[in-house]
Amino acid sequence: MLLLGTLLHAKQISRSPFELAIAMIVPIVQATLAVYLFRSGAEQHRLLEAAVGAGVMGVWSSVLFGSGGAIQNQRWQGTLEMIMLAPRRPVLVILPITVATGVTGAYSLLATLAWGRLLYGIRLDFVHPAAFVVAAVVCVLALGMFGLLLASTFVLLRNANALANTLEYPIWLVSGMLVPITVLPAWTAPIAAVLPTTWGARALREATTGGPVWPSVGICLAISLVCLILGGFALTYVERRARATATLALA
Amino acid sequence: MKTLRLITVGGVIAYRALFNWTRPSVFIGTLLIGPLFQLLFFAYLGRQLRVADDRFYIVGNAVLAATLACVFGGTLAVGNERRFGTLGHVLLSPRSRTVVFLGRALPYAGNGLLIAAFTLSVSALLLGLRIPVGALPGLLLAMATGSLACSFFGLTLGALGLRFRDVWVISNVAVALLMLLTGVNVPSSGLPGWMVTIGNYLPITHAAEAARRFAAGDSFAAAAPEVGREALVGLAYAVLAAALLKIFELESRRSASLETL
């Protein structure tokens with residue numbers, strides 16, 4: 001059910017020219033920016049790292065805006081009541097949507113790598129190629145689970161889109177997707193440590209440039225499972241409250 | 001006088017209408033905190049890569065901060081009329097639609113200036129950049145010119161909304177491209193020639209350069225040519241927006257596609 005649901009929603013999102021353009025063109029522009037920045041900084045040897053980082057940034061943007069608005073979008077489409085009426089736990093109904101935003105976000109990663117290879121001749125010499133694929137899949141799933149927590153908490157906020165707009169750059173920054181965490185103020189370290197984005201980005205970077213990939217993959221997965229559990233509870237609470245107050249369809 | 005009233009009062013009313021359903025939290029989150037973190041992201045990245053100093057990133061990104069409000073605002077000014085079904089009413093007005101729409105860009109430019117000034121002030125405090133007090137009038141002028149040029153650029157994109165179905169793709173991509181092509185984050189010496197050439201015809205490029213010169217303590221005479229170039233770019237986009245609005249309005253009337261989404 002989770003797999004079929006994810007496929008259905010990924011297909012649905014992929015039918016939107018807007019979603020595709022945002023998932024592919026904007027990360028490519030960001031990857032180009034990163035490539036020229038790294039070149040200007042005489043860091044030619046880190047161009048693959050820059051392309052991967054820009055791709056992960058795209059995955060996060062997709063999850064943030066897609067998952068953050070997952071429930072709201074269903075509400076606007078008039079399908080929220082129907083999916084909540086399904087004889088399944090709410091988490092099983094909403095999780096496929098948030099994982100699907102991660103899957104479509106993976107277009108960004110593929111697009112930035114293909115762009116870097118074709119236009120800038122960046123050799124895709126991953127130190128651990130198999131681990132990179134595993135880390136990418138785990139990263140997408142993990143962000144999908146994190147997305148569930150976002151979806152279930154954002155629905156409680158009337159202006160969740162404002163929060164979503166605010167969270168894009170801070171997470172890019174604190175998670176070390178392009179900027180190493182070591183150059184940031186020390187107080188950001190505890191925040192970075194509890195974010196699955198930090199460990200997902202780190203796992204992909206270690207698979208690209210070398211380093212212990214599996215501990216990062218494990219921590220990323222563990223934090224995401226915590227997000228899944230918290231998101232599940234939050235979703236059940238939100239659903240019961242909305243049923244009790246008859247506000248399910250109301251913004 | 002009537003035209004001036006139409007530009008200012010009409011623009012302000014349309015802007016206020018937007019805030020009837022938009023809340024302060026959206027404004028603060030999207031337009032104040034978002035650009036501030038964008039600036040911090042590039043400032044820390046620039047520090048780590050040693051591409052340029054903090055002043056380069058802080059001043060450049062502060063000027064760029066206006067793009068979000070100005071580009072999307074300009075696009076909204078036209079696009080939302082169509083989306084909410086009020087475009088027909090506007091086009092039925094016996095007054096010049098060109099003036100009506102150009103007036104819409106002004107509050108967004110003011111908004112952009114506010115955001116740029118906020119972003120510059122807060123980031124300078126956070127990252128410890130000292131700006132000479134004498135540079136402030138010049139900086140404000142550069143930011144105001146950049147915001148105005150950017151609003152007319154947004155209005156041009158909004159005009160495309162009368163012809164193309166999904167103008168949001170265009171405006172989202174445009175905002176991302178401005179980040180790359182205006183030389184705000186990568187010095188123009190690090191960009192290919194063709195990107196620099198395109199950047200010269202985009203808003204923000206010259207305003208950011210002028211602002212950097214003012215912040216570095218250069219005289220008004222040294223930075224004025226860049227401010228002038230930015231004003232010219234803005235004027236060109238205002239003319240282009242007016243022409244496109246006129247052409248697409250006529251086309252929409254001819255093909256009865258005004259309300260087609």
# chains A, B, ... in the order shown; residues from 1 in each chain; ligands from 1

$ select_by_dssp --residues "segment 36-236 of chain A" --states "alpha helix (DSSP H)" --output "ChimeraX atom specification"
/A:36-40,47-68,70-77,80-85,90-120,129-154,160-174,188-193,196-209,213-236

$ closest_atom_pairs --of "chain A" --to "chain B" --cutoff "8 Å" --atoms "only C-alpha atoms" --output "JSON lines"
{"residue": "A:Phe18", "atom": "CA", "partner": "B:Val169", "partner_atom": "CA", "distance": 5.6}
{"residue": "A:Ala21", "atom": "CA", "partner": "B:Val169", "partner_atom": "CA", "distance": 6.5}
{"residue": "A:Ile22", "atom": "CA", "partner": "B:Val169", "partner_atom": "CA", "distance": 7.1}
{"residue": "A:Ile25", "atom": "CA", "partner": "B:Val173", "partner_atom": "CA", "distance": 7.0}
{"residue": "A:Val26", "atom": "CA", "partner": "B:Val173", "partner_atom": "CA", "distance": 6.0}
{"residue": "A:Val29", "atom": "CA", "partner": "B:Leu177", "partner_atom": "CA", "distance": 6.5}
{"residue": "A:Gln30", "atom": "CA", "partner": "B:Ala176", "partner_atom": "CA", "distance": 7.3}
{"residue": "A:Thr32", "atom": "CA", "partner": "B:Leu180", "partner_atom": "CA", "distance": 7.8}
{"residue": "A:Leu33", "atom": "CA", "partner": "B:Leu180", "partner_atom": "CA", "distance": 5.6}
{"residue": "A:Tyr36", "atom": "CA", "partner": "B:Gly190", "partner_atom": "CA", "distance": 6.5}
{"residue": "A:Leu37", "atom": "CA", "partner": "B:Val186", "partner_atom": "CA", "distance": 5.8}
{"residue": "A:Phe38", "atom": "CA", "partner": "B:Leu49", "partner_atom": "CA", "distance": 6.7}
{"residue": "A:Arg39", "atom": "CA", "partner": "B:Gly190", "partner_atom": "CA", "distance": 7.6}
{"residue": "A:Ser40", "atom": "CA", "partner": "B:Gly190", "partner_atom": "CA", "distance": 5.5}
{"residue": "A:Gly41", "atom": "CA", "partner": "B:Val51", "partner_atom": "CA", "distance": 4.9}
{"residue": "A:Ala42", "atom": "CA", "partner": "B:Leu49", "partner_atom": "CA", "distance": 7.9}
{"residue": "A:Glu43", "atom": "CA", "partner": "B:Leu49", "partner_atom": "CA", "distance": 7.5}
{"residue": "A:Asn159", "atom": "CA", "partner": "B:Val26", "partner_atom": "CA", "distance": 6.6}
{"residue": "A:Asn161", "atom": "CA", "partner": "B:Val26", "partner_atom": "CA", "distance": 7.4}
{"residue": "A:Ala162", "atom": "CA", "partner": "B:Val26", "partner_atom": "CA", "distance": 4.5}
{"residue": "A:Leu163", "atom": "CA", "partner": "B:Gly29", "partner_atom": "CA", "distance": 6.1}
{"residue": "A:Asn165", "atom": "CA", "partner": "B:Thr30", "partner_atom": "CA", "distance": 5.3}
{"residue": "A:Thr166", "atom": "CA", "partner": "B:Gly34", "partner_atom": "CA", "distance": 4.7}
{"residue": "A:Leu167", "atom": "CA", "partner": "B:Gly34", "partner_atom": "CA", "distance": 7.5}
{"residue": "A:Glu168", "atom": "CA", "partner": "B:Gly34", "partner_atom": "CA", "distance": 7.7}
{"residue": "A:Tyr169", "atom": "CA", "partner": "B:Phe37", "partner_atom": "CA", "distance": 5.7}
{"residue": "A:Pro170", "atom": "CA", "partner": "B:Phe37", "partner_atom": "CA", "distance": 6.0}
{"residue": "A:Trp172", "atom": "CA", "partner": "B:Phe41", "partner_atom": "CA", "distance": 7.8}
{"residue": "A:Leu173", "atom": "CA", "partner": "B:Phe41", "partner_atom": "CA", "distance": 5.6}
{"residue": "A:Leu178", "atom": "CA", "partner": "B:Leu45", "partner_atom": "CA", "distance": 7.3}
{"residue": "A:Val179", "atom": "CA", "partner": "B:Leu45", "partner_atom": "CA", "distance": 5.3}
{"residue": "A:Pro180", "atom": "CA", "partner": "B:Gln48", "partner_atom": "CA", "distance": 7.9}
{"residue": "A:Val183", "atom": "CA", "partner": "B:Gln48", "partner_atom": "CA", "distance": 6.9}
{"residue": "A:Leu184", "atom": "CA", "partner": "B:Tyr44", "partner_atom": "CA", "distance": 7.3}

$ atom_distance --atom1 "atom CA of Ala242 of chain B" --atom2 "atom CA of Leu102 of chain B"
7.5 Å

$ atom_distance --atom1 "atom CA of Ala86 of chain A" --atom2 "atom CA of Gly66 of chain A"
21.7 Å

$ atom_distance --atom1 "atom CA of Val138 of chain A" --atom2 "atom CA of Gly105 of chain A"
13.0 Å

$ closest_residue --among "B:Ala208, B:Ala238, B:Val78, B:Ile115" --to "Tyr57 of chain B" --atoms "only C-alpha atoms"
B:Ala208

$ closest_residue --among "A:Leu95, A:Thr197, A:Asp125, A:Thr104" --to "Ser16 of chain A" --atoms "only C-alpha atoms"
A:Thr104

$ residues_around --residues "Thr6 of chain A" --least-positions-apart "4" --cutoff "12 Å" --atoms "only C-alpha atoms" --output "ChimeraX atom specification"
/A:1-2,10-14,92-104,140-141,144

$ closest_residue --among "A:Met82, A:Leu3, A:Ala70, A:Leu109" --to "Gly55 of chain A" --atoms "only C-alpha atoms"
A:Leu109

$ residues_around --residues "Asn80 of chain B" --least-positions-apart "2" --cutoff "12 Å" --atoms "only C-alpha atoms" --output "list in words"
Ala14, Tyr15, Ala17, Leu18, Phe72, Gly73, Gly74, Thr75, Leu76, Ala77, Val78, Arg82, Arg83, Phe84, Gly85, Thr86, Leu87, Gly88, Val90, Gly158, Ala159, Gly161, Leu162, Asp166, Val167, Trp168, Glu259 and Leu261 of chain B

$ write_last_selection --atoms "N, CA, C and O atoms" --output "mmCIF file, in the first residue's frame"
data_model
loop_
_atom_site.group_PDB
_atom_site.id
_atom_site.type_symbol
_atom_site.label_atom_id
_atom_site.label_comp_id
_atom_site.auth_asym_id
_atom_site.auth_seq_id
_atom_site.Cartn_x
_atom_site.Cartn_y
_atom_site.Cartn_z
ATOM 1 N N ALA B 14 -4.399 48.476 -4.535
ATOM 2 C CA ALA B 14 -4.169 47.091 -4.961
ATOM 3 C C ALA B 14 -3.239 46.383 -3.979
ATOM 4 O O ALA B 14 -3.431 45.209 -3.650
ATOM 5 N N TYR B 15 -2.252 47.115 -3.477
ATOM 6 C CA TYR B 15 -1.304 46.533 -2.535
ATOM 7 C C TYR B 15 -1.994 46.220 -1.205
ATOM 8 O O TYR B 15 -1.785 45.153 -0.622
ATOM 9 N N ALA B 17 -5.092 45.605 -0.826
ATOM 10 C CA ALA B 17 -6.004 44.478 -1.054
ATOM 11 C C ALA B 17 -5.279 43.158 -0.853
ATOM 12 O O ALA B 17 -5.832 42.204 -0.299
ATOM 13 N N LEU B 18 -4.026 43.154 -1.248
ATOM 14 C CA LEU B 18 -3.231 41.930 -1.072
ATOM 15 C C LEU B 18 -3.107 41.587 0.400
ATOM 16 O O LEU B 18 -3.173 40.433 0.805
ATOM 17 N N PHE B 72 8.039 38.603 -7.718
ATOM 18 C CA PHE B 72 6.751 37.935 -7.507
ATOM 19 C C PHE B 72 5.615 38.945 -7.387
ATOM 20 O O PHE B 72 4.500 38.685 -7.822
ATOM 21 N N GLY B 73 5.937 40.109 -6.786
ATOM 22 C CA GLY B 73 4.907 41.154 -6.674
ATOM 23 C C GLY B 73 4.451 41.623 -8.045
ATOM 24 O O GLY B 73 3.246 41.713 -8.320
ATOM 25 N N GLY B 74 5.416 41.899 -8.906
ATOM 26 C CA GLY B 74 5.083 42.334 -10.265
ATOM 27 C C GLY B 74 4.285 41.275 -11.012
ATOM 28 O O GLY B 74 3.330 41.575 -11.749
ATOM 29 N N THR B 75 4.665 40.026 -10.805
ATOM 30 C CA THR B 75 3.953 38.921 -11.459
ATOM 31 C C THR B 75 2.537 38.802 -10.911
ATOM 32 O O THR B 75 1.575 38.609 -11.668
ATOM 33 N N LEU B 76 2.435 38.935 -9.571
ATOM 34 C CA LEU B 76 1.117 38.858 -8.919
ATOM 35 C C LEU B 76 0.187 39.969 -9.399
ATOM 36 O O LEU B 76 -1.018 39.763 -9.535
ATOM 37 N N ALA B 77 0.789 41.158 -9.636
ATOM 38 C CA ALA B 77 -0.020 42.324 -10.002
ATOM 39 C C ALA B 77 -0.886 42.025 -11.217
ATOM 40 O O ALA B 77 -2.006 42.505 -11.326
ATOM 41 N N VAL B 78 -0.366 41.229 -12.137
ATOM 42 C CA VAL B 78 -1.141 40.870 -13.328
ATOM 43 C C VAL B 78 -1.763 39.482 -13.159
ATOM 44 O O VAL B 78 -2.955 39.279 -13.409
ATOM 45 N N ARG B 82 -5.998 37.783 -13.138
ATOM 46 C CA ARG B 82 -6.538 36.736 -14.011
ATOM 47 C C ARG B 82 -7.051 35.562 -13.177
ATOM 48 O O ARG B 82 -8.127 35.029 -13.425
ATOM 49 N N ARG B 83 -6.246 35.193 -12.173
ATOM 50 C CA ARG B 83 -6.586 34.027 -11.355
ATOM 51 C C ARG B 83 -7.894 34.248 -10.595
ATOM 52 O O ARG B 83 -8.700 33.341 -10.440
ATOM 53 N N PHE B 84 -8.096 35.466 -10.083
ATOM 54 C CA PHE B 84 -9.293 35.733 -9.291
ATOM 55 C C PHE B 84 -10.462 36.250 -10.133
ATOM 56 O O PHE B 84 -11.494 36.660 -9.606
ATOM 57 N N GLY B 85 -10.256 36.268 -11.448
ATOM 58 C CA GLY B 85 -11.364 36.633 -12.335
ATOM 59 C C GLY B 85 -11.673 38.108 -12.398
ATOM 60 O O GLY B 85 -12.772 38.505 -12.798
ATOM 61 N N THR B 86 -10.720 38.948 -11.974
ATOM 62 C CA THR B 86 -10.984 40.391 -11.980
ATOM 63 C C THR B 86 -10.263 41.111 -13.121
ATOM 64 O O THR B 86 -10.370 42.330 -13.242
ATOM 65 N N LEU B 87 -9.551 40.339 -13.927
ATOM 66 C CA LEU B 87 -8.786 40.967 -15.010
ATOM 67 C C LEU B 87 -9.706 41.686 -15.995
ATOM 68 O O LEU B 87 -9.399 42.793 -16.455
ATOM 69 N N GLY B 88 -10.826 41.052 -16.300
ATOM 70 C CA GLY B 88 -11.780 41.662 -17.222
ATOM 71 C C GLY B 88 -12.242 43.026 -16.746
ATOM 72 O O GLY B 88 -12.331 43.971 -17.525
ATOM 73 N N VAL B 90 -10.622 45.091 -14.799
ATOM 74 C CA VAL B 90 -9.524 46.059 -14.932
ATOM 75 C C VAL B 90 -9.409 46.505 -16.388
ATOM 76 O O VAL B 90 -9.270 47.698 -16.685
ATOM 77 N N GLY B 158 4.922 39.324 -15.393
ATOM 78 C CA GLY B 158 3.476 39.251 -15.171
ATOM 79 C C GLY B 158 2.702 39.433 -16.460
ATOM 80 O O GLY B 158 1.673 38.775 -16.672
ATOM 81 N N ALA B 159 3.213 40.327 -17.328
ATOM 82 C CA ALA B 159 2.553 40.542 -18.618
ATOM 83 C C ALA B 159 2.540 39.256 -19.438
ATOM 84 O O ALA B 159 1.567 38.967 -20.154
ATOM 85 N N GLY B 161 2.071 36.545 -18.290
ATOM 86 C CA GLY B 161 0.962 35.761 -17.739
ATOM 87 C C GLY B 161 -0.332 35.937 -18.511
ATOM 88 O O GLY B 161 -1.249 35.119 -18.397
ATOM 89 N N LEU B 162 -0.413 37.011 -19.296
ATOM 90 C CA LEU B 162 -1.609 37.195 -20.123
ATOM 91 C C LEU B 162 -1.578 36.272 -21.341
ATOM 92 O O LEU B 162 -2.579 36.061 -22.015
ATOM 93 N N ASP B 166 1.394 29.184 -17.398
ATOM 94 C CA ASP B 166 1.985 29.052 -16.069
ATOM 95 C C ASP B 166 3.127 30.033 -15.884
ATOM 96 O O ASP B 166 4.288 29.719 -16.110
ATOM 97 N N VAL B 167 2.768 31.222 -15.457
ATOM 98 C CA VAL B 167 3.777 32.264 -15.303
ATOM 99 C C VAL B 167 4.621 32.049 -14.045
ATOM 100 O O VAL B 167 5.704 32.596 -13.903
ATOM 101 N N TRP B 168 4.121 31.196 -13.130
ATOM 102 C CA TRP B 168 4.862 30.954 -11.880
ATOM 103 C C TRP B 168 6.160 30.221 -12.131
ATOM 104 O O TRP B 168 7.136 30.412 -11.422
ATOM 105 N N GLU B 259 -9.838 35.071 -19.975
ATOM 106 C CA GLU B 259 -9.989 34.355 -18.703
ATOM 107 C C GLU B 259 -9.504 32.915 -18.784
ATOM 108 O O GLU B 259 -9.722 32.137 -17.863
ATOM 109 N N LEU B 261 -7.305 29.925 -18.303
ATOM 110 C CA LEU B 261 -6.167 29.604 -17.438
ATOM 111 C C LEU B 261 -5.416 28.395 -17.971
ATOM 112 O O LEU B 261 -6.006 27.519 -18.552
#
